[in-house]
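Below is protein39.cif, which holds mmCIF, C-alpha atoms.
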data_structure
#
loop_
_atom_site.label_atom_id
_atom_site.label_comp_id
_atom_site.auth_asym_id
_atom_site.auth_seq_id
_atom_site.Cartn_x
_atom_site.Cartn_y
_atom_site.Cartn_z
CA MET I 1455 41.91 -78.05 -9.61
CA ARG I 1456 38.23 -77.82 -8.69
CA ILE I 1457 37.01 -75.56 -5.93
CA PRO I 1458 34.37 -77.32 -3.81
CA PHE I 1459 30.89 -75.75 -4.09
CA LEU I 1460 30.68 -75.50 -0.31
CA SER I 1461 33.82 -73.33 -0.27
CA ILE I 1462 32.34 -70.91 -2.83
CA PHE I 1463 29.14 -70.65 -0.78
CA ILE I 1464 31.11 -69.85 2.37
CA ILE I 1465 33.09 -67.13 0.56
CA LEU I 1466 29.93 -65.52 -0.82
CA LEU I 1467 28.31 -65.69 2.58
CA PHE I 1468 31.30 -63.88 4.04
CA LEU I 1469 31.16 -61.09 1.41
CA MET I 1470 27.42 -60.38 1.59
CA PRO I 1471 27.54 -57.91 4.53
CA PHE I 1472 30.01 -55.74 2.57
CA VAL I 1473 27.82 -55.83 -0.53
CA PHE I 1474 24.74 -54.69 1.41
CA ALA I 1475 26.74 -52.01 3.20
CA GLN I 1476 27.79 -50.53 -0.17
CA VAL I 1477 24.26 -50.67 -1.61
CA ASP I 1478 22.75 -48.85 1.37
CA GLU I 1479 22.62 -45.05 1.41
CA ASP I 1480 25.80 -43.28 2.41
CA LEU I 1481 24.60 -40.55 4.77
CA SER I 1482 27.92 -38.76 4.90
CA GLY I 1483 27.58 -37.90 1.20
CA ARG I 1484 23.85 -37.07 1.19
CA ASN I 1485 24.45 -33.33 0.90
CA ASP I 1486 27.75 -31.98 -0.40
CA SER I 1487 27.07 -28.54 1.11
CA LEU I 1488 27.15 -29.91 4.66
CA TYR I 1489 30.00 -28.98 6.92
CA ILE I 1490 31.01 -32.01 8.99
CA VAL I 1491 32.32 -31.18 12.46
CA GLU I 1492 33.93 -33.33 15.10
CA ASP I 1493 31.81 -34.81 17.84
CA GLN I 1494 31.80 -32.21 20.65
CA THR I 1495 29.54 -34.17 22.97
CA THR I 1496 29.72 -33.44 26.66
CA PRO I 1497 27.60 -36.19 28.29
CA ASP I 1498 25.60 -35.41 31.39
CA VAL I 1499 27.59 -36.90 34.27
CA ASN I 1500 24.37 -37.71 36.14
CA GLN I 1501 22.74 -39.76 33.38
CA THR I 1502 22.42 -43.54 33.46
CA PHE I 1503 24.80 -45.54 31.25
CA ILE I 1504 23.33 -48.52 29.41
CA ASP I 1505 26.02 -51.21 29.19
CA LYS I 1506 25.36 -54.77 28.09
CA THR I 1507 28.88 -55.04 26.67
CA LEU I 1508 27.66 -56.34 23.31
CA CYS I 1509 24.25 -56.24 21.75
CA GLU I 1510 22.27 -59.40 21.14
CA PRO I 1511 20.45 -60.47 17.96
CA ARG I 1512 16.95 -59.04 17.62
CA PHE I 1513 17.88 -56.00 19.68
CA LYS I 1514 15.19 -53.37 20.11
CA GLU I 1515 15.37 -50.07 21.93
CA THR I 1516 14.30 -46.43 21.86
CA LEU I 1517 17.11 -43.90 21.52
CA THR I 1518 16.87 -40.59 23.36
CA ILE I 1519 18.83 -38.05 21.33
CA ARG I 1520 19.48 -34.49 22.51
CA ALA I 1521 20.98 -31.40 20.86
CA PHE I 1522 22.68 -28.50 22.65
CA ASP I 1523 24.66 -25.38 21.85
CA LYS I 1524 28.12 -24.70 23.29
CA GLU I 1525 26.51 -23.37 26.50
CA LEU I 1526 24.31 -26.50 26.76
CA ASN I 1527 21.11 -24.67 25.80
CA ALA I 1528 18.62 -27.02 24.13
CA ILE I 1529 18.26 -26.57 20.36
CA LYS I 1530 14.91 -27.03 18.61
CA ASN I 1531 14.45 -28.36 15.06
CA VAL I 1532 17.76 -30.19 14.76
CA GLU I 1533 17.40 -32.90 12.08
CA ILE I 1534 18.16 -36.41 13.33
CA ILE I 1535 18.63 -39.44 11.04
CA THR I 1536 19.66 -42.90 12.23
CA LYS I 1537 21.03 -45.92 10.37
CA HIS I 1538 21.11 -49.46 11.78
CA GLN I 1539 21.07 -53.09 10.68
CA ILE I 1540 17.75 -54.86 10.15
CA ASP I 1541 19.29 -58.24 9.45
CA PHE I 1542 21.89 -60.01 7.36
CA THR I 1543 20.41 -63.47 6.94
CA THR I 1544 17.36 -62.53 4.87
CA GLY I 1545 19.20 -59.80 2.96
CA LYS I 1546 17.21 -56.82 4.29
CA GLY I 1547 20.46 -55.07 5.13
CA TYR I 1548 20.35 -51.68 6.80
CA TYR I 1549 17.57 -49.20 7.51
CA THR I 1550 17.86 -45.41 7.33
CA SER I 1551 15.19 -43.57 9.28
CA PRO I 1552 13.31 -40.59 7.86
CA PRO I 1553 14.33 -37.20 9.32
CA ARG I 1554 13.05 -36.50 12.83
CA TYR I 1555 13.39 -33.14 14.60
CA THR I 1556 14.17 -32.16 18.16
CA ASN I 1557 11.42 -30.50 20.22
CA GLU I 1558 11.55 -27.37 22.42
CA ASN I 1559 13.67 -29.33 24.91
CA GLY I 1560 16.14 -30.26 22.17
CA THR I 1561 15.07 -33.92 22.40
CA VAL I 1562 13.79 -36.55 19.96
CA LYS I 1563 13.15 -40.26 20.53
CA ILE I 1564 13.75 -42.82 17.74
CA GLN I 1565 13.05 -46.54 17.97
CA ILE I 1566 15.44 -49.02 16.33
CA VAL I 1567 14.57 -52.70 15.73
CA ASN I 1568 16.89 -55.52 14.61
CA THR I 1569 15.52 -58.88 13.34
CA GLU I 1570 18.79 -60.76 12.84
CA THR I 1571 18.70 -64.21 14.50
CA GLN I 1572 22.35 -65.27 14.34
CA LYS I 1573 24.77 -63.76 16.82
CA ASN I 1574 27.75 -63.90 14.49
CA LYS I 1575 25.88 -61.90 11.84
CA VAL I 1576 24.47 -59.09 13.97
CA ASP I 1577 25.91 -55.56 13.48
CA CYS I 1578 25.70 -53.64 16.75
CA ASN I 1579 26.74 -50.26 15.30
CA VAL I 1580 24.13 -47.50 15.04
CA GLU I 1581 24.99 -44.38 13.07
CA ILE I 1582 23.33 -41.13 14.19
CA ASN I 1583 23.53 -37.94 12.14
CA ALA I 1584 22.46 -34.63 13.69
CA THR I 1585 22.19 -31.62 11.32
CA LEU I 1586 21.63 -27.96 12.16
CA ASN I 1587 21.44 -25.78 9.06
CA ASN I 1588 24.64 -26.63 7.16
CA VAL I 1589 26.49 -28.32 10.04
CA ARG I 1590 26.32 -32.07 10.66
CA ILE I 1591 27.68 -34.13 13.54
CA THR I 1592 27.90 -37.92 13.16
CA ARG I 1593 28.20 -40.42 16.02
CA ILE I 1594 28.52 -44.19 15.99
CA ILE I 1595 27.15 -45.95 19.06
CA THR I 1596 26.77 -49.58 20.04
CA ALA I 1597 23.17 -50.75 20.33
CA THR I 1598 22.11 -51.37 23.96
CA SER I 1599 25.57 -50.23 25.12
CA HIS I 1600 25.63 -46.43 25.28
CA PRO I 1601 24.63 -43.51 27.49
CA GLN I 1602 20.92 -43.28 28.19
CA ASN I 1603 20.90 -39.84 26.49
CA ILE I 1604 22.89 -39.50 23.29
CA ASP I 1605 23.99 -35.86 23.21
CA PHE I 1606 25.19 -33.65 20.36
CA VAL I 1607 26.83 -30.30 21.03
CA PHE I 1608 26.88 -27.85 18.10
CA PRO I 1609 29.12 -24.82 17.55
CA ALA I 1610 26.14 -22.57 18.25
CA ALA I 1611 24.97 -20.00 20.77
CA ARG I 1612 21.88 -18.14 21.89
CA LEU I 1613 20.95 -14.86 20.21
CA THR I 1614 18.37 -12.71 22.00
CA VAL I 1615 16.61 -10.15 19.83
CA GLU I 1616 15.08 -7.19 21.66
CA VAL I 1617 12.59 -4.90 19.91
CA ILE I 1618 11.78 -1.52 21.49
CA ASP I 1619 10.28 1.81 20.44
CA GLN I 1620 12.03 5.19 20.48
CA LYS I 1621 11.06 5.63 24.15
CA ASN I 1622 12.65 2.29 25.11
CA ASN I 1623 9.26 0.58 25.58
CA PRO I 1624 9.19 -3.13 24.61
CA LEU I 1625 7.21 -4.04 21.51
CA LYS I 1626 5.22 -7.25 21.79
CA GLY I 1627 4.24 -9.17 18.66
CA ALA I 1628 7.16 -8.25 16.42
CA LYS I 1629 8.02 -11.05 13.97
CA ILE I 1630 11.69 -12.06 13.81
CA TYR I 1631 13.09 -14.08 10.88
CA ILE I 1632 16.58 -15.61 10.95
CA ASP I 1633 17.61 -18.22 8.38
CA ASN I 1634 14.64 -20.63 8.31
CA LEU I 1635 13.57 -19.81 11.88
CA THR I 1636 10.72 -17.54 13.01
CA ALA I 1637 9.84 -16.18 16.44
CA THR I 1638 7.55 -13.54 17.94
CA THR I 1639 8.60 -11.12 20.67
CA ASN I 1640 6.94 -11.56 24.06
CA GLU I 1641 5.56 -8.89 26.40
CA PHE I 1642 9.14 -7.88 27.19
CA GLY I 1643 9.91 -7.38 23.49
CA LEU I 1644 12.27 -10.40 23.46
CA ALA I 1645 12.71 -13.42 21.16
CA ASN I 1646 15.42 -16.09 21.52
CA PHE I 1647 17.21 -18.15 18.88
CA ILE I 1648 19.89 -20.84 18.95
CA LEU I 1649 22.11 -20.20 15.93
CA LEU I 1650 25.38 -21.46 14.51
CA LEU I 1651 28.44 -19.33 15.22
CA SER I 1652 28.49 -17.32 12.01
CA ASN I 1653 27.10 -14.22 10.37
CA HIS I 1654 23.28 -14.00 10.23
CA THR I 1655 20.75 -11.67 8.62
CA VAL I 1656 17.97 -10.73 11.03
CA VAL I 1657 14.67 -9.44 9.60
CA ILE I 1658 12.27 -7.69 12.00
CA LYS I 1659 8.67 -6.92 11.03
CA TYR I 1660 6.25 -4.91 13.14
CA SER I 1661 2.92 -3.80 11.73
CA ASP I 1662 3.73 -2.63 8.18
CA TYR I 1663 7.31 -1.71 9.10
CA GLN I 1664 10.31 -3.90 8.29
CA VAL I 1665 13.98 -3.50 9.14
CA GLU I 1666 16.98 -5.72 8.44
CA LYS I 1667 20.00 -6.10 10.74
CA ASN I 1668 23.23 -8.08 10.72
CA ALA I 1669 24.36 -10.30 13.62
CA ASP I 1670 27.89 -11.73 13.66
CA LEU I 1671 27.50 -14.44 16.29
CA ASN I 1672 30.68 -15.57 18.07
CA GLY I 1673 28.97 -16.49 21.32
CA LYS I 1674 25.97 -15.60 23.43
CA ALA I 1675 24.73 -12.21 22.22
CA LYS I 1676 21.88 -9.71 22.31
CA LEU I 1677 20.67 -7.62 19.39
CA SER I 1678 18.58 -4.56 20.23
CA VAL I 1679 16.43 -3.05 17.47
CA GLU I 1680 14.55 0.24 17.76
CA ILE I 1681 11.34 0.76 15.81
CA PRO I 1682 9.86 4.27 16.19
CA ILE I 1683 6.10 4.28 16.90
CA TYR I 1684 3.95 7.35 16.21
CA ASP I 1685 0.36 8.19 17.14
CA ILE I 1686 -0.77 10.53 14.39
CA ILE I 1687 -3.84 12.44 13.27
CA VAL I 1688 -4.61 12.46 9.55
CA LYS I 1689 -6.86 15.24 8.26
CA ILE I 1690 -8.25 15.06 4.75
CA LEU I 1691 -9.34 18.49 3.46
CA ASP I 1692 -10.45 20.28 0.34
CA ASP I 1693 -8.39 23.21 -0.95
CA SER I 1694 -10.39 25.68 1.12
CA GLY I 1695 -9.56 23.80 4.35
CA LYS I 1696 -12.94 22.12 4.80
CA PRO I 1697 -12.60 18.59 6.33
CA LEU I 1698 -13.81 15.71 4.17
CA ASN I 1699 -15.31 12.38 5.21
CA ALA I 1700 -12.74 10.15 3.49
CA SER I 1701 -10.68 6.99 4.01
CA LEU I 1702 -6.96 6.19 4.10
CA LEU I 1703 -5.06 3.14 2.83
CA LEU I 1704 -1.82 2.60 4.76
CA GLY I 1705 0.24 -0.55 5.09
CA GLY I 1706 -2.48 -2.76 3.67
CA HIS I 1707 -5.11 -1.43 6.10
CA GLU I 1708 -8.03 0.92 5.46
CA TYR I 1709 -8.85 3.58 8.05
CA LEU I 1710 -12.09 5.60 8.04
CA SER I 1711 -12.71 9.15 9.24
CA ASN I 1712 -14.33 9.50 12.68
CA GLU I 1713 -17.16 11.87 13.61
CA ALA I 1714 -14.71 14.76 13.69
CA LYS I 1715 -13.67 13.80 10.16
CA GLU I 1716 -10.20 12.82 11.37
CA ILE I 1717 -8.28 9.55 11.22
CA ASN I 1718 -6.37 8.57 14.38
CA ILE I 1719 -3.85 5.75 13.90
CA SER I 1720 -0.64 4.36 15.39
CA VAL I 1721 2.07 3.54 12.86
CA ALA I 1722 5.62 2.19 12.99
CA GLY I 1723 8.56 3.80 11.21
CA ASN I 1724 9.26 7.28 9.87
CA MET I 1725 8.60 7.16 6.13
CA HIS I 1726 5.21 6.11 4.80
CA ASN I 1727 3.30 6.05 1.55
CA ALA I 1728 -0.48 6.31 1.85
CA VAL I 1729 -3.52 6.71 -0.40
CA ALA I 1730 -6.45 8.93 0.56
CA ILE I 1731 -9.81 8.18 -1.09
CA TYR I 1732 -12.70 10.62 -1.40
CA ASN I 1733 -15.73 9.91 -3.62
CA GLY I 1734 -13.70 7.41 -5.61
CA ILE I 1735 -10.86 9.87 -6.23
CA GLU I 1736 -7.42 8.89 -4.94
CA ARG I 1737 -4.56 11.04 -3.69
CA ASN I 1738 -1.09 9.55 -3.06
CA ILE I 1739 1.06 11.06 -0.34
CA GLU I 1740 4.46 10.35 1.22
CA PHE I 1741 5.23 11.70 4.69
CA ASP I 1742 8.05 11.62 7.23
CA LEU I 1743 6.71 11.31 10.79
CA SER I 1744 10.05 12.27 12.29
CA LYS I 1745 9.28 15.81 11.05
CA GLN I 1746 5.54 16.00 11.73
CA ASN I 1747 2.98 14.46 14.07
CA ASP I 1748 -0.06 15.37 12.03
CA VAL I 1749 -0.69 14.79 8.36
CA LYS I 1750 -2.87 16.89 6.04
CA ILE I 1751 -4.02 15.48 2.73
CA VAL I 1752 -5.70 17.96 0.39
CA PHE I 1753 -8.13 17.32 -2.43
CA ASP I 1754 -7.95 20.32 -4.77
CA PHE I 1755 -11.03 20.31 -7.02
CA ASN I 1756 -10.98 23.95 -8.17
CA ALA I 1757 -9.30 24.97 -11.40
CA PRO I 1758 -6.94 27.96 -11.47
CA GLU I 1759 -7.98 31.25 -13.06
CA ILE I 1760 -6.40 33.07 -16.01
CA LYS I 1761 -6.28 36.82 -15.35
CA ASN I 1762 -4.64 40.07 -16.40
CA LEU I 1763 -4.16 39.30 -20.08
CA ASN I 1764 -2.23 42.03 -21.93
CA VAL I 1765 -0.85 42.16 -25.47
CA SER I 1766 2.04 44.18 -26.85
CA GLU I 1767 3.36 44.36 -30.42
CA SER I 1768 6.90 44.88 -31.60
CA GLU I 1769 9.00 44.22 -34.64
CA ASN I 1770 9.89 40.84 -33.06
CA GLY I 1771 6.31 39.65 -32.77
CA ILE I 1772 3.22 39.73 -30.60
CA ARG I 1773 3.59 39.09 -26.89
CA VAL I 1774 0.80 38.09 -24.49
CA THR I 1775 1.41 38.45 -20.76
CA LEU I 1776 -0.99 36.71 -18.38
CA GLN I 1777 -1.27 35.54 -14.78
CA GLY I 1778 -2.44 32.20 -13.36
CA ILE I 1779 -4.08 32.33 -9.92
CA ASP I 1780 -4.90 29.16 -7.93
CA ASN I 1781 -7.23 30.24 -5.13
CA GLY I 1782 -7.63 28.37 -1.85
CA VAL I 1783 -5.75 28.05 1.45
CA PHE I 1784 -4.45 24.61 0.47
CA ALA I 1785 -4.50 25.04 -3.30
CA SER I 1786 -2.02 22.77 -5.03
CA GLY I 1787 -0.48 25.67 -6.99
CA ILE I 1788 0.47 26.19 -10.61
CA PRO I 1789 3.65 24.50 -11.89
CA THR I 1790 6.14 26.23 -14.22
CA ASN I 1791 4.79 24.15 -17.10
CA GLY I 1792 1.18 24.76 -16.12
CA LEU I 1793 0.28 26.82 -19.22
CA SER I 1794 -0.50 25.51 -22.68
CA ALA I 1795 -0.96 28.11 -25.45
CA ARG I 1796 -1.97 27.83 -29.11
CA TYR I 1797 -3.22 30.38 -31.61
CA LYS I 1798 -5.01 30.77 -34.96
CA VAL I 1799 -4.81 33.64 -37.45
CA ASP I 1800 -8.14 34.54 -39.11
CA GLY I 1801 -9.55 31.13 -38.18
CA GLY I 1802 -6.72 29.25 -39.90
CA THR I 1803 -4.65 26.30 -38.73
CA THR I 1804 -4.02 26.02 -35.00
CA GLN I 1805 -0.33 26.51 -34.14
CA GLN I 1806 1.71 26.13 -30.99
CA ALA I 1807 2.90 29.32 -29.31
CA THR I 1808 6.18 29.87 -27.48
CA ILE I 1809 5.83 30.17 -23.69
CA TYR I 1810 8.17 31.73 -21.13
CA VAL I 1811 7.86 31.98 -17.35
CA ARG I 1812 8.44 35.52 -16.11
CA ALA I 1813 7.69 34.94 -12.42
CA HIS I 1814 5.73 32.55 -10.23
CA GLY I 1815 2.34 32.23 -11.92
CA VAL I 1816 3.20 34.83 -14.58
CA PHE I 1817 3.60 33.60 -18.15
CA VAL I 1818 4.55 35.19 -21.47
CA VAL I 1819 3.22 33.84 -24.76
CA GLU I 1820 4.94 34.89 -27.98
CA ILE I 1821 3.86 34.48 -31.63
CA PRO I 1822 5.41 35.79 -34.85
CA VAL I 1823 4.62 39.23 -36.36
CA GLN I 1824 1.19 39.37 -38.04
CA GLN I 1825 -0.29 41.82 -40.58
CA GLN I 1826 -2.35 44.74 -39.37
CA GLY I 1827 -6.06 43.92 -39.15
CA LYS I 1828 -5.53 40.18 -38.73
CA THR I 1829 -7.63 38.54 -36.02
CA ILE I 1830 -5.63 36.28 -33.68
CA THR I 1831 -7.51 33.74 -31.60
CA PHE I 1832 -5.63 32.60 -28.49
CA LEU I 1833 -6.44 29.14 -27.04
CA LEU I 1834 -5.11 29.03 -23.48
CA GLU I 1835 -5.19 26.22 -20.93
CA MET I 1836 -4.00 26.64 -17.34
CA ARG I 1837 -3.62 23.66 -14.99
CA ASP I 1838 -2.61 23.28 -11.35
CA ASN I 1839 -0.62 20.53 -9.65
CA SER I 1840 -3.85 18.54 -9.10
CA GLU I 1841 -4.52 18.49 -12.87
CA ASN I 1842 -7.50 20.87 -12.59
CA LYS I 1843 -7.74 22.85 -15.83
CA GLN I 1844 -9.15 26.20 -16.93
CA ASN I 1845 -9.60 26.92 -20.66
CA LEU I 1846 -9.89 30.39 -22.10
CA GLU I 1847 -10.32 31.53 -25.70
CA ALA I 1848 -9.63 35.18 -26.51
CA GLU I 1849 -9.35 37.27 -29.67
CA TYR I 1850 -7.07 40.14 -30.56
CA ILE I 1851 -7.01 42.31 -33.71
CA VAL I 1852 -3.52 43.29 -34.79
CA LYS I 1853 -3.11 47.10 -34.59
CA GLY I 1854 0.23 47.49 -36.24
CA ILE I 1855 3.55 48.46 -34.69
CA SER I 1856 3.30 52.20 -35.40
CA GLU I 1857 -0.12 52.53 -33.83
CA VAL I 1858 0.97 50.60 -30.76
CA ASN I 1859 4.14 52.61 -30.41
CA ASN I 1860 2.18 55.86 -30.73
CA ASN I 1861 -0.28 54.64 -28.14
CA GLY I 1862 2.50 53.58 -25.82
CA THR I 1863 0.42 51.09 -23.75
CA ASP I 1864 -0.37 47.39 -23.86
CA ILE I 1865 -3.69 46.35 -25.32
CA VAL I 1866 -6.04 44.35 -23.11
CA VAL I 1867 -7.28 41.12 -24.66
CA THR I 1868 -11.07 40.84 -24.83
CA PRO I 1869 -12.20 37.25 -24.10
CA ASN I 1870 -14.22 35.54 -26.80
CA GLU I 1871 -17.90 35.96 -25.94
CA LYS I 1872 -18.76 32.36 -26.80
CA LYS I 1873 -16.07 30.92 -24.55
CA SER I 1874 -16.33 33.32 -21.64
CA GLU I 1875 -17.30 31.74 -18.35
CA PHE I 1876 -19.34 34.86 -17.51
CA PRO I 1877 -21.64 35.86 -20.48
CA LEU I 1878 -21.76 39.54 -19.46
CA ILE I 1879 -23.25 40.95 -22.70
CA PRO I 1880 -26.39 38.76 -22.67
CA ILE I 1881 -26.85 39.48 -18.96
CA ILE I 1882 -26.46 43.27 -19.42
CA GLY I 1883 -28.75 43.17 -22.43
CA GLY I 1884 -31.38 41.34 -20.46
CA ILE I 1885 -31.15 43.83 -17.62
CA LEU I 1886 -31.62 46.74 -20.06
CA ILE I 1887 -34.66 45.14 -21.69
CA LEU I 1888 -36.16 44.51 -18.23
CA CYS I 1889 -35.62 48.16 -17.31
CA VAL I 1890 -37.34 49.31 -20.54
CA VAL I 1891 -40.32 47.04 -19.82
CA ILE I 1892 -40.60 48.38 -16.27
CA VAL I 1893 -40.47 52.00 -17.49
CA LEU I 1894 -43.11 51.35 -20.17
CA PHE I 1895 -45.32 49.53 -17.70
CA TYR I 1896 -44.98 52.37 -15.19
CA GLY I 1897 -45.76 54.98 -17.89
CA VAL I 1898 -48.88 53.14 -19.03
CA PHE I 1899 -50.00 52.79 -15.42
CA ARG I 1900 -49.59 56.55 -14.78
CA LEU I 1901 -51.42 57.40 -18.01
CA LYS I 1902 -54.44 55.28 -17.08
CA ASN I 1903 -54.63 56.80 -13.62
CA LYS I 1904 -54.46 60.28 -15.13
CA GLU I 1905 -57.35 59.53 -17.52
CA LYS I 1906 -59.51 58.28 -14.67
CA SER I 1907 -58.91 61.46 -12.72
#
The structure given in the file should be rewritten as structure tokens.
Amino acid sequence: MRIPFLSIFIILLFLMPFVFAQVDEDLSGRNDSLYIVEDQTTPDVNQTFIDKTLCEPRFKETLTIRAFDKELNAIKNVEIITKHQIDFTTGKGYYTSPPRYTNENGTVKIQIVNTETQKNKVDCNVEINATLNNVRITRIITATSHPQNIDFVFPAARLTVEVIDQKNNPLKGAKIYIDNLTATTNEFGLANFILLLSNHTVVIKYSDYQVEKNADLNGKAKLSVEIPIYDIIVKILDDSGKPLNASLLLGGHEYLSNEAKEINISVAGNMHNAVAIYNGIERNIEFDLSKQNDVKIVFDFNAPEIKNLNVSESENGIRVTLQGIDNGVFASGIPTNGLSARYKVDGGTTQQATIYVRAHGVFVVEIPVQQQGKTITFLLEMRDNSENKQNLEAEYIVKGISEVNNNGTDIVVTPNEKKSEFPLIPIIGGILILCVVIVLFYGVFRLKNKEKS
């Protein structure tokens, strides 16, 4: 039996709307991570209701779509996407709008246009999807037959973030970050957000200070955050206490010394890391403002001194006792590992000596037993906590255990003349020569005067 061609055409014509509907984008599956909730719309009882019973072909209108939280507060930045029929006859099918977003009043307007000419082929349904973060609400309305305002109510509430200092004063200009939203506190230290009813991480930034809080939102709530603010004076000094004209890097800002060679700044938070700069030299410092309201940063440029060197001999070896002194009111001090000691015997190979710490700044250097008459050259280096170093080279002639024991006293090390910081022998020699010249000159002068008389 043959099926008439006209019958096949009619069947295909009947199936075409379903084919186009399947080809078009399925919004409900656009993002698998979305959480679809039931329509919780509470229409405004005072709004006008548009009712033409059924839409007509070639319908055209502008939809007013609004988004609210559970307390009917307007929500900004809700994503709105609409889907409606363009036409069936020419095969254009359905149109999905690009995302639009609600404004400060929670409102967005979207125009829809239908070009279908035949009444029996027009699809009056308009699908509207409203998405806030990971929550989507979908509504199906009838074109030209719906409330004037199409409302969506999300499971959300208002969170007010308050930022204050330790004296309960509001802090204006603090940046608040929640999810993908950002706000700045006003003159009352407040910033408002409309958020889904869930747990949120709140990040607060003020100046170079940042703090993170947790907000478990079950309804309208207020989160109060305290940021301590300190007005401090930074003094940059040398180790003798003299103020220096320097600069300070703190929180990405550079501060310069004033005429009094001080730096006055206001900072947020207790703990801070800063860098002081003087003549290209940097000093890092960490300070806790909850324990101090003024900060001193010291540049120690003076090396420590090595003093009171004494040597003793025993059957166990030769022992050198010495003292490190770091002068200055704000000297950085000598650490327990601040001494380095090496030695040579009769100008031989340099060897490492054993070092012990007897007391603060007092060190003991030990080397093995050496033969009597051997010359030991000590190479000493003392450093402070600012890496300033003092080098000293000294010589000692081994006396022998019996002689030392008979003597009963330690032997003072005589610094090497070539390495001494104070060349006393040349100076004394020069003074003696000068005295001889003066005496000779005076004698010649007296002799000449005597001959004349």
Checklist entry - Which one is closest to I:Gly1854: I:Glu1769, I:Ala1813, I:Pro1789, I:Ile1885? Count only C-alpha atoms. => result I:Glu1769
Checklist outcome for this item: One residue among I:Arg1590, I:Arg1512, I:Arg1554, I:Lys1689 is nearest to I:Gln1539 when using only C-alpha atoms, and that residue is I:Arg1512
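Residues matched by the PyMOL selection byres ((chain I and resi 1662) around 8) in this file are Lys1659, Tyr1660, Ser1661, Tyr1663, Gln1664, Gly1705, Gly1706, Val1721 and Ala1722 of chain I.
Reported to one decimal place, the separation of atom CA of I:Glu1533 from atom CA of I:Val1615 is 24.0 Å.
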Next on the checklist: Can you spell out as a ChimeraX atom specification the set of residues that the PyMOL selection byres ((chain I and resi 1791-1797) around 6) selects in the structure I just provided?
Outcome noted: /I:1788-1790,1798,1804-1807,1831-1837
Excluding I:Ile1540 and its own-chain neighbours fewer than 2 positions away, which residues fall within 9 Å of it when counting all atoms listed in the file? Please give them as a PDB file with C-alpha atoms, in the frame of the given file.
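Saved file around_38.pdb follows:
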ATOM      1  CA  ARG I1512      16.950 -59.040  17.620  1.00  0.00           C
ATOM      2  CA  HIS I1538      21.110 -49.460  11.780  1.00  0.00           C
ATOM      3  CA  PHE I1542      21.890 -60.010   7.360  1.00  0.00           C
ATOM      4  CA  GLY I1545      19.200 -59.800   2.960  1.00  0.00           C
ATOM      5  CA  LYS I1546      17.210 -56.820   4.290  1.00  0.00           C
ATOM      6  CA  GLY I1547      20.460 -55.070   5.130  1.00  0.00           C
ATOM      7  CA  TYR I1548      20.350 -51.680   6.800  1.00  0.00           C
ATOM      8  CA  TYR I1549      17.570 -49.200   7.510  1.00  0.00           C
ATOM      9  CA  ILE I1566      15.440 -49.020  16.330  1.00  0.00           C
ATOM     10  CA  VAL I1567      14.570 -52.700  15.730  1.00  0.00           C
ATOM     11  CA  ASN I1568      16.890 -55.520  14.610  1.00  0.00           C
ATOM     12  CA  THR I1569      15.520 -58.880  13.340  1.00  0.00           C
ATOM     13  CA  GLU I1570      18.790 -60.760  12.840  1.00  0.00           C
ATOM     14  CA  VAL I1576      24.470 -59.090  13.970  1.00  0.00           C
ATOM     15  CA  ASP I1577      25.910 -55.560  13.480  1.00  0.00           C
TER      16      ASP I1577
END
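Nearest-residue note for I:Asn1622: choosing from I:Val1816, I:Ile1735, I:Leu1671, I:Val1679, the minimum distance belongs to I:Val1679, counting all atoms listed in the file.
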Using the chain letters and numbers from the file, which residues does the PyMOL selection byres ((chain I and resi 1581) around 8) grab, as an mmCIF file with C-alpha atoms, in the frame of the given file?
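So the final result, stored in part05.cif, reads:
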data_model
loop_
_atom_site.group_PDB
_atom_site.id
_atom_site.type_symbol
_atom_site.label_atom_id
_atom_site.label_comp_id
_atom_site.auth_asym_id
_atom_site.auth_seq_id
_atom_site.Cartn_x
_atom_site.Cartn_y
_atom_site.Cartn_z
ATOM 1 C CA THR I 1536 19.660 -42.900 12.230
ATOM 2 C CA LYS I 1537 21.030 -45.920 10.370
ATOM 3 C CA HIS I 1538 21.110 -49.460 11.780
ATOM 4 C CA ASN I 1579 26.740 -50.260 15.300
ATOM 5 C CA VAL I 1580 24.130 -47.500 15.040
ATOM 6 C CA ILE I 1582 23.330 -41.130 14.190
ATOM 7 C CA ASN I 1583 23.530 -37.940 12.140
ATOM 8 C CA THR I 1592 27.900 -37.920 13.160
ATOM 9 C CA ARG I 1593 28.200 -40.420 16.020
ATOM 10 C CA ILE I 1594 28.520 -44.190 15.990
ATOM 11 C CA ILE I 1595 27.150 -45.950 19.060
#
Checklist entry - What gap, in Å, lies between atom CA of I:Ile1739 and atom CA of I:Leu1704? => result 10.3 Å
Next on the checklist: Using all atoms listed in the file, which protein or nucleic acid residues come within 12 Å of I:Asn1747? Drop anything in the same chain fewer than 5 positions from it, and give the result as number ranges by chain.
Outcome noted: I: 1683-1689, 1718-1721, 1724, 1741-1742
Please produce a file of those selected residues containing C-alpha atoms, as a tab-separated table (two decimals), in the coordinates of the input.
chain	number	residue	atom	x	y	z
I	1683	ILE	CA	6.10	4.28	16.90
I	1684	TYR	CA	3.95	7.35	16.21
I	1685	ASP	CA	0.36	8.19	17.14
I	1686	ILE	CA	-0.77	10.53	14.39
I	1687	ILE	CA	-3.84	12.44	13.27
I	1688	VAL	CA	-4.61	12.46	9.55
I	1689	LYS	CA	-6.86	15.24	8.26
I	1718	ASN	CA	-6.37	8.57	14.38
I	1719	ILE	CA	-3.85	5.75	13.90
I	1720	SER	CA	-0.64	4.36	15.39
I	1721	VAL	CA	2.07	3.54	12.86
I	1724	ASN	CA	9.26	7.28	9.87
I	1741	PHE	CA	5.23	11.70	4.69
I	1742	ASP	CA	8.05	11.62	7.23
